[in-house]
Structures are given as structure tokens and as C-alpha cells.
Amino acid sequence: MRRVVAGPEIERLIQLLAKLPGLGPRSARRAALHLVRKREELMEPLTAAMGDALEKIVVCDACGNIDTRNPCLVCADPSRDPGLLVAVENVADLWALERAGAVTGRYHVLGGTLSALDGIGPDDLNIASLVGRAHQPEVKEIILALNATVDGQTTAHYITDLLRDANVKVTRLAHGVPVGGELDYLDDGTLSAAIRQRTTF
Ligand SMILES: [Zn+2]
């Protein structure tokens, strides 16, 4: 049997920290101990920051992004191209694309992918609102930046069909050799996609 080493308040802190992605019970224990040691410099401001964030977090009505304002900072940014929408599965993907700084337009967060296995249908995702936005006259292109998984690609095909009537160009991310990648290490599916989607030099 595992011995409890601290009072219930600290044990609970450890159990909650262990639910964070990337933290197992061992690292949660280490993080909790670090917080306990740095009560004033870290634990107090962290508690306050979490309280503030919890109070202010809202989902953007326009794109489904999570922010502390509605419309979100990305939607409210006037320097963005109103003609381009990038559909992503979740907010993590939006953040990843923003980190890369490669998107000049705005986003649409679908909230997942279609999945027969998990019982996720079109009505469970923000698909209808994407089709609505696609019909806005200023929107010229929709990039389906979905994961290169079976569910991601099924969802992309489904959305492409729904967008046939909208006057927009529908594109998707290229599949192929990662930047800095070596051919010898790639899987067969990636290699053949890279050959099929080759571009002119
Ligand atoms: Zn937004």
C-alpha cells in the first residue's frame, strides 16, 4: 500500500496536478513540492492567475477560439485578411499555427473531428457555422488545416462537399516531407504522399 506523505490538502493538490498533460504522479509530486516551497513567489500568483483566467475565459462567438474577450483577439485584429479562414480541429492547433506565424487570415475551430467510433457527428462540431461563414461575400478561401489522420481527412472531405455551393476556394495542408526531414526515415504513406503532391522547382 502507498503511504500518504502529506495532509489531505497537499495530497489533493498532487492528485489534481497529476491530471495535467505531461505530468504523471511522480512529476506531479515534484511540482506540488516546488509550489509548496515557493508559496509566495509562485503558488500565490499562480492561484490568482488561475482564478482570473477562470473568471474571464469565454468562447469566441465568431470562431470558437478560447480567449478572455469575445470576439477573440484574432477575430478582432483588423490587420488580418478577411478573405481567408483556416479551419482547425481545436484551439491547440490554432495556437500551433499562430506560433508558426504562417496564417494571414482568421480561424474557425471545429471542436474535434467526425468519428463514427466515438459517436461524433456533424451536429457535435462547429460545421454549420463554418458553412455560414463560407457564404459571407468577403470570404474567398477556406484552408482545411485538419490532422492527417483518418478522422481528420474524413472530416475534411465531408466539409468540402458541404462547401460546394459556397463561392470559396477550398484547400488543405500539403502532406509530405517535414522541413529538415530525411527521406530514409519517413514512413511509406508520407513518402508516397510527397511524391504525389510534388511541386515544380
Ligand atoms: Zn474568434
# chains A, B, ... in the order shown; residues from 1 in each chain; ligands from 1

$ residues_around --residues "Val150 of chain A" --least-positions-apart "3" --cutoff "12 Å" --atoms "only C-alpha atoms" --output "PyMOL selection string"
chain A and resi 113-117+146-147+153-157

$ residues_near_ligand --ligand "ligand 1" --cutoff "9 Å" --atoms "only C-alpha atoms and all ligand atoms" --output "ChimeraX atom specification"
/A:59-67,69-76,106-109

$ select_by_dssp --residues "segment 42-196 of chain A" --states "alpha helix (DSSP H)" --output "PyMOL selection string"
chain A and resi 44-56+73-76+91-100+127-134+150-162+188-196

$ residues_around --residues "Ala32 of chain A" --least-positions-apart "6" --cutoff "8 Å" --atoms "only C-alpha atoms" --output "ChimeraX atom specification"
/A:10,13-14,17

$ select_by_dssp --residues "chain A" --states "strand (DSSP E)" --output "number ranges by chain"
A: 58-59, 66-67, 84-88, 106-109, 141-144, 169-172

$ write_last_selection --atoms "C-alpha atoms" --output "compact mmCIF listing (two decimals), in the first residue's frame"
# COMPACT_ATOMS: atom_id res chain seq x y z
CA VAL A 58 -15.03 32.87 -22.93
CA VAL A 59 -15.56 31.07 -26.23
CA ILE A 66 -10.96 30.37 -26.36
CA ASP A 67 -9.91 33.76 -25.04
CA LEU A 84 -9.11 33.71 -45.59
CA LEU A 85 -10.45 31.27 -42.99
CA VAL A 86 -8.41 28.39 -41.60
CA ALA A 87 -10.50 25.55 -40.14
CA VAL A 88 -8.75 23.67 -37.32
CA ARG A 106 -8.65 34.16 -39.27
CA TYR A 107 -9.71 30.75 -37.92
CA HIS A 108 -12.66 28.50 -37.36
CA VAL A 109 -12.37 25.98 -34.53
CA GLU A 141 -10.66 30.78 -49.38
CA ILE A 142 -11.05 28.16 -46.66
CA ILE A 143 -7.99 26.14 -45.67
CA LEU A 144 -8.94 22.84 -44.02
CA LYS A 169 -11.72 28.04 -52.86
CA VAL A 170 -11.28 25.06 -50.52
CA THR A 171 -7.70 23.99 -49.87
CA ARG A 172 -5.93 21.67 -47.45

$ residues_around --residues "Leu110 of chain A" --least-positions-apart "2" --cutoff "6 Å" --atoms "only C-alpha atoms" --output "list in words"
Glu89, Gly112, Leu125 and Asn126 of chain A

$ write_last_selection --atoms "C-alpha atoms" --output "PDB file, in the first residue's frame"
ATOM      1  CA  GLU A  89      -9.783  20.813 -35.070  1.00  0.00           C
ATOM      2  CA  GLY A 112     -12.976  17.931 -32.995  1.00  0.00           C
ATOM      3  CA  LEU A 125     -18.987  20.092 -34.302  1.00  0.00           C
ATOM      4  CA  ASN A 126     -18.964  23.753 -35.423  1.00  0.00           C
TER       5      ASN A 126
END

$ atom_distance --atom1 "atom CA of Arg3 of chain A" --atom2 "atom CA of Gln15 of chain A"
14.2 Å

$ residues_around --residues "Thr190 of chain A" --least-positions-apart "5" --cutoff "8 Å" --atoms "only C-alpha atoms" --output "number ranges by chain"
A: 175-177

$ atom_distance --atom1 "atom CA of Arg80 of chain A" --atom2 "atom CA of Gly105 of chain A"
5.0 Å
